[in-house]
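**Student:** Data file entry.txt (compact mmCIF, C-alpha atoms) is appended below.
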```txt
# COMPACT_ATOMS: atom_id res chain seq x y z
CA MET A 1 -13.47 -16.35 -6.33
CA TRP A 2 -9.88 -16.95 -5.30
CA ALA A 3 -9.31 -19.37 -8.18
CA GLU A 4 -10.73 -16.87 -10.70
CA LEU A 5 -8.50 -14.04 -9.50
CA LEU A 6 -5.32 -16.05 -8.97
CA PRO A 7 -3.97 -16.04 -12.57
CA VAL A 8 -4.67 -12.36 -13.26
CA GLY A 9 -1.44 -10.42 -13.74
CA ARG A 10 0.79 -13.31 -12.71
CA SER A 11 4.24 -13.51 -14.30
CA SER A 12 5.18 -16.92 -15.65
CA ALA A 13 8.84 -16.01 -15.18
CA SER A 14 8.80 -15.01 -11.51
CA GLY A 15 5.53 -16.44 -10.23
CA GLY A 16 4.82 -12.99 -8.78
CA TYR A 17 2.15 -10.45 -9.68
CA ARG A 18 2.43 -7.34 -11.82
CA ARG A 19 -0.93 -5.70 -11.25
CA TYR A 20 0.02 -2.04 -11.65
CA ALA A 21 -2.28 0.96 -11.75
CA TRP A 22 -4.16 1.29 -15.03
CA ASN A 23 -2.39 -1.59 -16.83
CA GLU A 24 -4.12 -4.56 -18.48
CA ALA A 25 -3.98 -6.73 -15.35
CA ASP A 26 -5.49 -3.88 -13.33
CA ALA A 27 -8.34 -3.67 -15.85
CA ASP A 28 -8.95 -7.41 -15.53
CA CYS A 29 -9.05 -7.08 -11.72
CA ARG A 30 -11.56 -4.25 -12.05
CA ASP A 31 -13.74 -6.34 -14.36
CA TRP A 32 -13.60 -9.17 -11.80
CA PHE A 33 -14.70 -6.81 -9.01
CA ARG A 34 -17.66 -5.53 -11.00
CA ALA A 35 -18.68 -9.08 -11.92
CA GLN A 36 -18.71 -10.04 -8.23
CA ALA A 37 -20.87 -7.00 -7.41
CA ASP A 38 -23.31 -7.76 -10.24
CA ALA A 39 -23.55 -11.43 -9.27
CA ARG A 40 -24.74 -10.40 -5.80
CA GLY A 41 -27.19 -7.73 -6.97
CA LEU A 42 -25.10 -4.94 -5.47
CA THR A 43 -25.16 -1.36 -6.73
CA TYR A 44 -21.87 -0.72 -8.51
CA GLU A 45 -20.17 2.69 -8.45
CA LEU A 46 -16.90 3.99 -9.85
CA ASP A 47 -15.86 7.17 -8.07
CA ARG A 48 -14.02 10.14 -9.54
CA ASN A 49 -10.62 8.72 -8.47
CA GLY A 50 -11.08 5.27 -9.97
CA ASN A 51 -12.00 3.51 -6.72
CA GLN A 52 -14.69 0.83 -7.10
CA TRP A 53 -17.67 0.47 -4.75
CA ALA A 54 -20.32 -2.24 -4.43
CA TRP A 55 -23.31 -1.23 -2.27
CA LEU A 56 -25.98 -3.17 -0.45
CA GLY A 57 -28.64 -0.66 0.56
CA ASP A 58 -28.90 3.05 -0.17
CA PRO A 59 -25.40 4.51 -0.75
CA THR A 60 -26.61 7.98 0.27
CA ALA A 61 -28.28 7.00 3.55
CA GLY A 62 -25.18 7.63 5.68
CA ASP A 63 -23.55 5.77 8.59
CA ALA A 64 -22.53 3.01 6.18
CA VAL A 65 -20.29 0.12 7.15
CA VAL A 66 -17.61 -0.38 4.49
CA THR A 67 -15.04 -3.11 4.04
CA GLY A 68 -12.53 -3.98 1.32
CA SER A 69 -8.91 -3.40 0.37
CA HIS A 70 -7.03 -3.26 -2.96
CA LEU A 71 -6.25 -5.54 -5.93
CA ASP A 72 -3.00 -4.03 -7.27
CA SER A 73 0.45 -5.40 -6.36
CA VAL A 74 4.05 -4.45 -5.83
CA PRO A 75 6.42 -5.62 -8.60
CA ASP A 76 6.40 -9.44 -8.48
CA GLY A 77 4.38 -9.37 -5.28
CA GLY A 78 2.34 -12.12 -3.68
CA ALA A 79 -1.25 -13.21 -4.15
CA PHE A 80 -2.57 -12.21 -0.72
CA ASP A 81 -1.54 -8.60 -0.09
CA GLY A 82 -4.69 -6.68 -0.94
CA PRO A 83 -6.75 -9.30 -2.81
CA LEU A 84 -7.35 -11.37 0.34
CA GLY A 85 -9.21 -8.40 1.82
CA VAL A 86 -11.40 -7.91 -1.25
CA VAL A 87 -12.20 -11.60 -1.75
CA SER A 88 -12.91 -11.98 1.98
CA SER A 89 -15.28 -9.01 1.87
CA PHE A 90 -17.48 -10.62 -0.78
CA ALA A 91 -17.27 -13.95 1.06
CA ALA A 92 -18.22 -12.27 4.36
CA LEU A 93 -21.30 -10.77 2.69
CA ASP A 94 -22.21 -14.24 1.43
CA GLU A 95 -21.78 -15.55 4.97
CA LEU A 96 -24.08 -12.84 6.39
CA ARG A 97 -26.75 -13.78 3.88
CA SER A 98 -26.38 -17.47 4.72
CA ARG A 99 -26.99 -16.54 8.36
CA GLY A 100 -30.16 -14.72 7.34
CA LYS A 101 -28.79 -11.40 8.61
CA LEU A 102 -30.20 -8.21 7.11
CA PRO A 103 -28.05 -5.09 7.46
CA ALA A 104 -29.83 -2.19 9.13
CA LYS A 105 -27.22 0.16 7.67
CA PRO A 106 -25.86 0.48 4.14
CA LEU A 107 -23.03 -1.99 3.55
CA ALA A 108 -20.32 -1.53 0.92
CA ILE A 109 -17.26 -3.30 -0.45
CA VAL A 110 -14.49 -1.17 -1.94
CA ASN A 111 -11.43 -1.72 -4.13
CA PHE A 112 -9.09 1.24 -3.74
CA GLY A 113 -6.92 2.00 -6.76
CA ASP A 114 -3.11 2.13 -6.83
CA GLU A 115 -2.56 1.27 -3.16
CA GLU A 116 0.94 -0.09 -3.64
CA GLY A 117 2.27 2.79 -5.74
CA ALA A 118 4.26 0.36 -7.89
CA ARG A 119 3.85 2.34 -11.10
CA PHE A 120 3.97 5.99 -10.04
CA GLY A 121 5.99 5.74 -6.83
CA LEU A 122 3.34 7.02 -4.42
CA ALA A 123 1.33 4.62 -2.27
CA CYS A 124 -2.43 4.81 -1.71
CA VAL A 125 -3.13 7.19 -4.59
CA GLY A 126 -6.85 6.35 -4.79
CA SER A 127 -7.54 6.82 -1.08
CA ARG A 128 -5.20 9.83 -0.79
CA LEU A 129 -7.06 11.62 -3.57
CA ALA A 130 -10.44 10.82 -2.04
CA ALA A 131 -9.34 12.02 1.40
CA GLY A 132 -7.76 15.21 0.04
CA GLN A 133 -4.27 14.14 1.10
CA LEU A 134 -2.97 14.31 -2.48
CA SER A 135 -3.64 17.43 -4.50
CA VAL A 136 -4.79 17.25 -8.10
CA GLU A 137 -1.69 19.19 -9.13
CA LYS A 138 0.66 16.73 -7.45
CA ALA A 139 -1.26 13.78 -8.85
CA HIS A 140 -0.95 15.16 -12.38
CA GLU A 141 2.84 15.40 -11.88
CA LEU A 142 3.20 11.68 -11.12
CA ARG A 143 5.03 9.73 -13.82
CA ASP A 144 6.05 6.12 -14.28
CA ALA A 145 9.46 4.81 -15.35
CA ASP A 146 8.56 5.35 -19.02
CA GLY A 147 7.59 8.98 -18.47
CA ILE A 148 3.85 8.31 -18.78
CA SER A 149 1.90 10.60 -16.48
CA LEU A 150 -0.94 9.50 -14.24
CA PRO A 151 -3.49 11.46 -16.35
CA GLN A 152 -2.18 9.83 -19.53
CA ALA A 153 -2.42 6.36 -17.99
CA MET A 154 -5.96 6.97 -16.74
CA GLU A 155 -7.05 8.33 -20.11
CA ARG A 156 -5.60 5.35 -21.98
CA ALA A 157 -7.55 3.08 -19.63
CA GLY A 158 -10.77 4.93 -20.45
CA TYR A 159 -11.06 7.13 -17.35
CA ASP A 160 -11.31 10.90 -17.01
CA PRO A 161 -8.19 12.30 -15.28
CA GLU A 162 -9.74 15.76 -15.03
CA ALA A 163 -12.36 14.44 -12.60
CA ILE A 164 -9.93 13.34 -9.87
CA GLY A 165 -9.84 15.12 -6.51
CA PRO A 166 -11.21 15.17 -2.96
CA ASP A 167 -14.44 13.26 -2.44
CA PRO A 168 -15.74 14.44 0.96
CA GLU A 169 -19.40 13.71 0.20
CA ARG A 170 -18.68 10.03 -0.48
CA LEU A 171 -16.49 9.63 2.58
CA ALA A 172 -19.13 11.37 4.71
CA ARG A 173 -21.43 8.41 3.99
CA ILE A 174 -19.12 6.08 5.92
CA GLY A 175 -19.72 5.39 9.61
CA ALA A 176 -16.97 2.75 9.85
CA PHE A 177 -14.37 1.23 7.51
CA VAL A 178 -12.86 -2.18 8.32
CA GLU A 179 -10.03 -3.55 6.17
CA LEU A 180 -8.97 -7.19 6.32
CA HIS A 181 -5.37 -7.89 5.32
CA VAL A 182 -2.89 -10.72 5.42
CA GLU A 183 -0.46 -10.11 8.28
CA GLN A 184 2.86 -8.70 7.12
CA GLY A 185 4.99 -10.23 9.85
CA ARG A 186 4.91 -13.19 12.23
CA ALA A 187 3.22 -11.84 15.35
CA LEU A 188 0.36 -14.36 15.01
CA ALA A 189 2.43 -17.26 13.68
CA ASP A 190 3.34 -18.75 17.05
CA THR A 191 -0.02 -18.13 18.70
CA PRO A 192 -3.31 -20.03 18.56
CA HIS A 193 -4.96 -17.00 16.93
CA ALA A 194 -5.75 -17.00 13.21
CA VAL A 195 -6.90 -13.36 13.31
CA GLY A 196 -5.69 -10.22 15.08
CA VAL A 197 -6.85 -6.61 15.32
CA ALA A 198 -4.65 -3.66 14.32
CA SER A 199 -3.68 -1.15 17.00
CA ALA A 200 -1.57 1.34 15.04
CA ILE A 201 0.49 1.96 11.89
CA TRP A 202 4.05 3.18 12.30
CA PRO A 203 4.94 6.53 10.72
CA HIS A 204 6.57 5.95 7.35
CA GLY A 205 7.72 7.72 4.21
CA ARG A 206 9.69 7.62 0.98
CA TRP A 207 12.71 9.76 0.15
CA ARG A 208 14.57 10.07 -3.17
CA PHE A 209 18.36 10.38 -2.95
CA ASP A 210 20.04 11.81 -6.06
CA PHE A 211 23.83 11.37 -6.32
CA HIS A 212 25.26 13.55 -9.12
CA GLY A 213 28.76 12.66 -10.26
CA GLU A 214 30.67 12.69 -13.54
CA ALA A 215 30.29 10.15 -16.34
CA ASN A 216 33.59 8.81 -17.58
CA HIS A 217 35.32 5.79 -19.11
CA ALA A 218 35.55 2.79 -16.80
CA GLY A 219 38.81 1.61 -18.35
CA THR A 220 40.80 4.80 -18.74
CA THR A 221 39.83 6.96 -15.75
CA ARG A 222 42.17 6.55 -12.78
CA MET A 223 40.45 5.64 -9.52
CA GLU A 224 41.70 8.81 -7.84
CA ASP A 225 40.33 10.98 -10.66
CA ARG A 226 36.76 9.69 -10.46
CA ARG A 227 33.61 11.39 -9.20
CA ASP A 228 31.65 8.16 -8.89
CA PRO A 229 28.14 8.53 -7.45
CA MET A 230 27.79 4.74 -7.09
CA LEU A 231 30.33 4.75 -4.26
CA ALA A 232 28.42 7.41 -2.34
CA TYR A 233 25.18 5.52 -2.94
CA ALA A 234 26.66 2.22 -1.77
CA GLU A 235 27.93 3.78 1.45
CA THR A 236 24.49 5.32 2.00
CA VAL A 237 22.79 1.93 1.69
CA LEU A 238 25.11 0.57 4.38
CA ALA A 239 24.48 3.63 6.55
CA ALA A 240 20.73 3.06 6.26
CA ARG A 241 21.13 -0.47 7.59
CA GLU A 242 23.27 0.77 10.48
CA GLN A 243 20.89 3.61 11.41
CA ALA A 244 17.85 1.32 11.35
CA GLU A 245 19.47 -1.42 13.43
CA ARG A 246 20.64 1.08 16.02
CA SER A 247 17.15 2.57 16.40
CA GLY A 248 14.94 -0.51 16.06
CA ALA A 249 13.52 1.06 12.89
CA ARG A 250 13.28 0.01 9.23
CA ALA A 251 15.24 1.53 6.34
CA THR A 252 15.37 0.07 2.85
CA PHE A 253 16.77 1.18 -0.47
CA GLY A 254 14.69 -1.08 -2.71
CA LYS A 255 14.71 0.84 -5.98
CA VAL A 256 17.62 2.36 -7.88
CA ALA A 257 18.11 4.04 -11.27
CA VAL A 258 21.51 4.64 -12.88
CA GLU A 259 22.58 6.91 -15.75
CA PRO A 260 23.95 6.20 -18.29
CA ASN A 261 23.69 2.62 -16.98
CA GLY A 262 26.54 1.18 -19.04
CA VAL A 263 28.84 -1.63 -17.94
CA ASN A 264 31.93 0.25 -19.08
CA ALA A 265 30.84 3.71 -17.90
CA ILE A 266 31.21 5.47 -14.58
CA PRO A 267 27.71 6.73 -13.75
CA SER A 268 26.81 10.40 -13.94
CA LEU A 269 23.75 9.91 -11.71
CA VAL A 270 22.59 7.31 -9.24
CA ARG A 271 19.08 7.76 -7.91
CA GLY A 272 17.94 5.62 -5.00
CA TRP A 273 14.61 5.53 -3.18
CA LEU A 274 14.59 5.09 0.59
CA ASP A 275 11.62 3.59 2.41
CA SER A 276 11.88 4.15 6.16
CA ARG A 277 9.55 3.41 9.09
CA ALA A 278 9.77 3.57 12.87
CA ALA A 279 7.64 3.18 15.97
CA ASP A 280 7.41 6.95 16.48
CA GLU A 281 7.94 10.09 14.43
CA ALA A 282 10.98 11.34 16.37
CA THR A 283 12.83 8.09 15.77
CA LEU A 284 11.92 8.11 12.08
CA ALA A 285 13.15 11.69 11.68
CA ALA A 286 16.43 10.85 13.41
CA VAL A 287 16.99 7.76 11.24
CA VAL A 288 16.40 9.61 7.98
CA ALA A 289 18.52 12.55 9.11
CA GLY A 290 21.35 10.16 9.95
CA ILE A 291 21.13 8.52 6.54
CA GLU A 292 21.12 11.88 4.78
CA ARG A 293 24.10 13.04 6.83
CA ALA A 294 26.06 9.92 5.88
CA ALA A 295 25.17 10.44 2.20
CA ARG A 296 26.44 14.01 2.22
CA VAL A 297 29.67 13.11 4.02
CA ARG A 298 30.46 10.34 1.58
CA GLY A 299 29.37 12.50 -1.34
CA GLY A 300 31.83 15.16 -0.24
CA CYS A 301 34.62 12.59 -0.14
CA GLU A 302 33.83 11.45 -3.68
CA GLY A 303 33.18 14.88 -5.21
CA VAL A 304 29.52 13.95 -5.65
CA GLU A 305 26.56 16.31 -5.14
CA VAL A 306 23.73 14.86 -3.05
CA ARG A 307 20.12 16.00 -3.19
CA VAL A 308 17.36 14.53 -1.02
CA THR A 309 13.64 14.89 -1.77
CA ARG A 310 10.84 13.65 0.47
CA GLU A 311 8.24 12.16 -1.87
CA SER A 312 5.67 11.00 0.69
CA TYR A 313 5.14 10.89 4.44
CA THR A 314 2.45 9.44 6.69
CA PRO A 315 2.55 10.21 10.44
CA VAL A 316 1.82 7.64 13.12
CA ILE A 317 -1.76 6.37 12.93
CA GLU A 318 -3.62 5.19 16.00
CA PHE A 319 -6.77 3.45 14.85
CA GLU A 320 -9.94 4.85 16.41
CA HIS A 321 -9.95 3.25 19.85
CA GLY A 322 -13.71 2.89 20.15
CA LEU A 323 -14.01 0.97 16.88
CA ARG A 324 -10.84 -1.01 17.54
CA ASP A 325 -12.08 -2.08 20.97
CA ARG A 326 -15.49 -2.98 19.59
CA LEU A 327 -13.89 -5.30 17.04
CA ALA A 328 -11.79 -6.87 19.77
CA ALA A 329 -14.89 -7.43 21.89
CA ILE A 330 -16.80 -9.01 19.00
CA LEU A 331 -13.94 -11.41 18.25
CA THR A 332 -12.88 -12.28 21.79
CA THR A 333 -14.05 -15.71 22.95
CA THR A 334 -12.07 -17.58 25.61
CA GLU A 335 -9.09 -15.20 25.53
CA PRO A 336 -8.52 -11.67 24.19
CA VAL A 337 -7.84 -11.27 20.51
CA PRO A 338 -4.28 -9.97 19.84
CA LEU A 339 -3.81 -6.23 19.18
CA LEU A 340 -0.99 -5.69 16.68
CA PRO A 341 0.95 -2.62 15.54
CA THR A 342 2.41 -2.71 12.03
CA GLY A 343 5.05 -1.01 9.95
CA ALA A 344 3.00 -1.41 6.76
CA GLY A 345 0.83 1.36 5.32
CA HIS A 346 -2.76 0.77 4.20
CA ASP A 347 -5.76 2.60 2.76
CA ALA A 348 -7.35 2.24 6.21
CA GLY A 349 -4.54 4.38 7.57
CA ILE A 350 -5.15 7.09 4.99
CA LEU A 351 -8.89 7.16 5.68
CA SER A 352 -8.40 7.20 9.46
CA ALA A 353 -8.07 11.00 9.46
CA THR A 354 -11.55 11.27 7.94
CA VAL A 355 -13.63 8.28 9.09
CA PRO A 356 -13.40 5.72 11.92
CA THR A 357 -11.26 2.85 10.62
CA ALA A 358 -10.04 -0.50 11.88
CA MET A 359 -8.14 -3.51 10.51
CA LEU A 360 -8.11 -7.28 10.86
CA TYR A 361 -4.98 -9.32 10.16
CA VAL A 362 -5.01 -12.95 8.99
CA ARG A 363 -2.10 -15.10 10.19
CA ASN A 364 0.87 -15.42 7.84
CA PRO A 365 2.90 -18.55 8.74
CA THR A 366 6.21 -17.30 7.33
CA GLY A 367 5.76 -13.55 7.76
CA VAL A 368 6.92 -13.08 4.15
CA SER A 369 5.13 -10.32 2.24
CA HIS A 370 5.63 -8.39 -1.01
CA SER A 371 6.97 -11.64 -2.48
CA PRO A 372 5.60 -14.64 -4.40
CA ALA A 373 6.31 -16.64 -1.21
CA GLU A 374 3.62 -14.72 0.67
CA SER A 375 1.02 -17.15 2.00
CA ALA A 376 -1.80 -17.92 4.40
CA ALA A 377 -3.41 -21.26 5.23
CA GLU A 378 -6.88 -21.91 3.83
CA ASP A 379 -8.24 -22.54 7.33
CA ASP A 380 -6.88 -19.19 8.51
CA CYS A 381 -8.35 -17.41 5.48
CA THR A 382 -11.71 -19.03 6.26
CA ALA A 383 -11.35 -17.88 9.87
CA GLY A 384 -10.70 -14.39 8.54
CA VAL A 385 -13.93 -14.47 6.52
CA THR A 386 -15.85 -15.64 9.58
CA ALA A 387 -14.27 -12.93 11.74
CA LEU A 388 -15.08 -10.24 9.16
CA ALA A 389 -18.66 -11.50 8.89
CA ASP A 390 -18.94 -11.38 12.70
CA VAL A 391 -17.66 -7.79 12.68
CA LEU A 392 -20.00 -6.70 9.89
CA GLU A 393 -22.90 -8.34 11.68
CA GLY A 394 -22.01 -6.55 14.91
CA LEU A 395 -21.60 -3.18 13.22
CA ALA A 396 -24.33 -3.20 10.56
CA CYS A 397 -27.01 -5.80 11.22
CA ARG A 398 -30.14 -5.88 13.32
```
How does the structure come out when it is put into C-alpha cells?

**Tutor:**
Amino acid sequence: MWAELLPVGRSSASGGYRRYAWNEADADCRDWFRAQADARGLTYELDRNGNQWAWLGDPTAGDAVVTGSHLDSVPDGGAFDGPLGVVSSFAALDELRSRGKLPAKPLAIVNFGDEEGARFGLACVGSRLAAGQLSVEKAHELRDADGISLPQAMERAGYDPEAIGPDPERLARIGAFVELHVEQGRALADTPHAVGVASAIWPHGRWRFDFHGEANHAGTTRMEDRRDPMLAYAETVLAAREQAERSGARATFGKVAVEPNGVNAIPSLVRGWLDSRAADEATLAAVVAGIERAARVRGGCEGVEVRVTRESYTPVIEFEHGLRDRLAAILTTTEPVPLLPTGAGHDAGILSATVPTAMLYVRNPTGVSHSPAESAAEDDCTAGVTALADVLEGLACR
C-alpha cells in the first residue's frame, strides 16, 4: 500500500508532496482509498463534505469504532503526515482479520478532506464542515491563490458544493474515533517507545496581517519619503519570534503575498499569515496581542496602515480522558506508554467536541514534519500498525 501511494502528488523538483484539496493528486489519492476499501469488501461511502468512509459492518448500527486520518499535504510536505494514519488503518484491519478477530461493533476507516488547508488557507475543512464548526456561508467564501472558490473547485472535481454542511447523523454513529499520526516532534525519539498516546492539543490559530503602504519607484523615491509596508512586516516577523521565545509558545509567518511584487517597486501591500500556538489560551492570546501591537507601532513609524484578521482558531483540546486512558492501558506492557501533548492540529481535535476521540503517535527520529525530510522507521511504522490493531481489538472486537 505504501509503495502504491508514495509517488502520488510528489514533485520531482522538491521531492515533497503537493496533494491539495480537489486537485489531480487529491483525486488519485481518493481513487486509491476507494480501491483499498473495495479490495477488502468494505462498504464505501462519500459523505456530503467529500470525506471518504470504508465500513465493516452496518454503518447505521451506532457505537462504531472509527480510525483514519487524511491524505492531503502541505506545500512540498512529507510522505507520512496524514497518509501513515490511513495506510496503517487498512493494515490494522488486515491484522485483525489475520488474528481471526470479528468486530462486535461497526468498524470504519475514514479519509478526511482538506485537513492541511494548503489550498484554501483553512485547516480541517472536511471535519469542520461535518462537525458544524465551519458554516456553509464561510466555506463558500474560501478561495485559493488563483481566486478559485471552494465550490468551484469541488464542482470541477465532480462533487456537489451545494450539499456541504453539518453531518450530525453520521457523527452520531461514532462511539470512538482513534487517529494514528506520525509524531511531529522528538518526544519519543530518545525513548524505547515506538508509539505514544496523545494527551492534548495546544490552542492554535491563524491570523492575516495586512500592511497597506504606498507603491513607488525603488530607484527614485528617497528613503525618508517612503511608506514601505515591507519594513513594518519584517519588524513584525522579528517581533513574533521574540514574543514566542519569551512565552514558550510558537509563532510563525510562513506565507506572504506582496503587491505589486516587482523587484524595482516599493510594495503597496504586504500580506502575511501568522500561525501561532501555545500551551494555554491565555498565553496564546498574549502572544498574538504582542505581535499585533508591535505591527501597529512599526506601521505607525513607517506611515503604513495595519489590519489584522483572525481566520481560524481552535481552543485547547483535552482528549476524552476515559478513551485516552483505555488506549494507554491496552498498550502498556512492562512500563506505561508515554502521554504526549502536541502543538499540531488534527481532525481528531475537531471531532473531539462531538465524539470521544484519541490519538496514537508513531516515533519520528528527527522530529522534522511538514517537509520532505519527514520520516519514520519501518519497524516503528509496523509497531504503530500493531498498536492500532490492539486498540481496535480492545474497543470493537469480541

**Student:** Suppose you want the space between atom CA of Ala328 of chain A and atom CA of Ala172 of chain A; what is it in Å?

**Tutor:** 24.8 Å

**Student:** Hey, which of A:Ala176, A:Val195, A:Met359, A:Cys301 ends up closest to Ala387 of chain A? Count all atoms listed in the file.

**Tutor:**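 Of A:Ala176, A:Val195, A:Met359, A:Cys301, the one nearest Ala387 of chain A, counting all atoms listed in the file, is A:Val195.
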
**Student:** Which value, in Å to one decimal, gives the distance between atom CA of His181 of chain A and atom CA of Val197 of chain A?

**Tutor:** 10.2 Å

**Student:** At a cut-off of 10 Å, using only C-alpha atoms, what residues contact Thr191 of chain A? Leave out same-chain residues fewer than 4 positions from it and give the result as a list of chain:residue names.

**Tutor:** A:Arg186, A:Ala187, A:Val195, A:Pro338, A:Arg363

**Student:** Would you work out the distance separating atom CA of Val270 of chain A from atom CA of Ala232 of chain A, expressed in Å to one decimal?

**Tutor:**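 So the answer is 9.0 Å.
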
**Student:** Could you make a table, as CSV, of the residues of segment 104-212 of chain A that have an atom within 6 Å of an atom of segment 62-82 of chain A, each with its nearest atom pair and distance in Å to one decimal, counting only C-alpha atoms, in chain and number order?

**Tutor:**
```
residue,atom,partner,partner_atom,distance
A:Lys105,CA,A:Ala64,CA,5.7
A:Pro106,CA,A:Ala64,CA,4.7
A:Leu107,CA,A:Val65,CA,5.0
A:Ala108,CA,A:Val66,CA,4.6
A:Ile109,CA,A:Thr67,CA,5.0
A:Val110,CA,A:Gly68,CA,4.7
A:Asn111,CA,A:His70,CA,4.8
A:Phe112,CA,A:His70,CA,5.0
A:Glu116,CA,A:Val74,CA,5.8
A:Ala118,CA,A:Val74,CA,5.2
A:Arg173,CA,A:Gly62,CA,4.2
A:Ile174,CA,A:Ala64,CA,4.6
A:Gly175,CA,A:Asp63,CA,4.0
A:Ala176,CA,A:Val65,CA,5.0
A:Phe177,CA,A:Val66,CA,4.7
A:Val178,CA,A:Thr67,CA,4.9
A:Glu179,CA,A:Thr67,CA,5.5
```

**Student:** From the options A:Val237, A:Ala27, A:Leu395, A:Ala244, which residue's atoms come nearest to Ala279 of chain A, counting all atoms listed in the file?

**Tutor:**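 Closest to Ala279 of chain A of all the choices is A:Ala244.
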
**Student:** Counting only C-alpha atoms, figure out which residue out of A:Ser268, A:Ser276, A:Gln133, A:Thr334 gets nearest to Ala251 of chain A.

**Tutor:**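 Comparing A:Ser268, A:Ser276, A:Gln133, A:Thr334 against Ala251 of chain A, the winner is A:Ser276.
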
**Student:** Within 12 Å of (-24.9, 0.5, -6.5) (coordinates as in the file), grab all the protein and nucleic acid residues, counting all atoms listed in the file, and write them out as a list in words.

**Tutor:**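 Every residue inside that radius is included here: Arg34, Ala37, Asp38, Arg40, Gly41, Leu42, Thr43, Tyr44, Glu45, Leu46, Asp47, Gln52, Trp53, Ala54, Trp55, Leu56, Gly57, Asp58, Pro59, Thr60, Pro106, Leu107, Ala108, Ile109 and Val110 of chain A.
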
**Student:** Do a neighbour search on segment 141-156 of chain A at 9 Å with all atoms listed in the file, toss out local chain neighbours closer than 5 positions, and write the hits as JSON, numbers by chain.

**Tutor:** {"A": [21, 22, 23, 50, 118, 119, 120, 121, 122, 136, 161, 162]}

**Student:** Write out, as an mmCIF file, in the coordinates of the input, the residues just selected, with C-alpha atoms.

**Tutor:**
```
data_model
loop_
_atom_site.group_PDB
_atom_site.id
_atom_site.type_symbol
_atom_site.label_atom_id
_atom_site.label_comp_id
_atom_site.auth_asym_id
_atom_site.auth_seq_id
_atom_site.Cartn_x
_atom_site.Cartn_y
_atom_site.Cartn_z
ATOM 1 C CA ALA A 21 -2.280 0.960 -11.750
ATOM 2 C CA TRP A 22 -4.160 1.290 -15.030
ATOM 3 C CA ASN A 23 -2.390 -1.590 -16.830
ATOM 4 C CA GLY A 50 -11.080 5.270 -9.970
ATOM 5 C CA ALA A 118 4.260 0.360 -7.890
ATOM 6 C CA ARG A 119 3.850 2.340 -11.100
ATOM 7 C CA PHE A 120 3.970 5.990 -10.040
ATOM 8 C CA GLY A 121 5.990 5.740 -6.830
ATOM 9 C CA LEU A 122 3.340 7.020 -4.420
ATOM 10 C CA VAL A 136 -4.790 17.250 -8.100
ATOM 11 C CA PRO A 161 -8.190 12.300 -15.280
ATOM 12 C CA GLU A 162 -9.740 15.760 -15.030
#
```

**Student:** Which of these residues is nearest to Arg226 of chain A, using all atoms listed in the file: A:Asp114, A:Glu302, A:Glu318, A:Asp275?

**Tutor:**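 Distance minimum relative to Arg226 of chain A lands on A:Glu302.
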
**Student:** Closest to Val8 of chain A among A:Cys29, A:Leu129, A:His204, A:Asp280, using only C-alpha atoms?

**Tutor:** A:Cys29

**Student:** Using only C-alpha atoms for the distances, tell me which of A:Ala358, A:Ala344, A:Ala215, A:Ala163 is nearest to Arg277 of chain A.

**Tutor:**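 Closest to Arg277 of chain A, using only C-alpha atoms: A:Ala344.
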
**Student:** Would you kindly return, as a list in words, each protein, DNA or RNA residue with an atom no farther than 9 Å from any atom of Glu235 of chain A, considering only C-alpha atoms and excluding same-chain residues fewer than 4 positions away?

**Tutor:**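 These residues fall inside the cut-off: Met230, Leu231, Ala239, Ala240, Ala294, Ala295 and Arg298 of chain A.
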
**Student:** Please identify all polymer residues within 12 Å of Leu331 of chain A, counting only C-alpha atoms, omitting same-chain residues fewer than 5 positions from it, and present them as a list in words.

**Tutor:**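 Within the cut-off, the hits are His193, Ala194, Val195, Gly196, Val197, Arg324, Asp325, Arg326, Pro336, Val337, Pro338, Leu339, Leu360, Ala383, Gly384, Thr386, Ala387, Leu388, Ala389, Asp390, Val391, Leu392, Glu393 and Gly394 of chain A.
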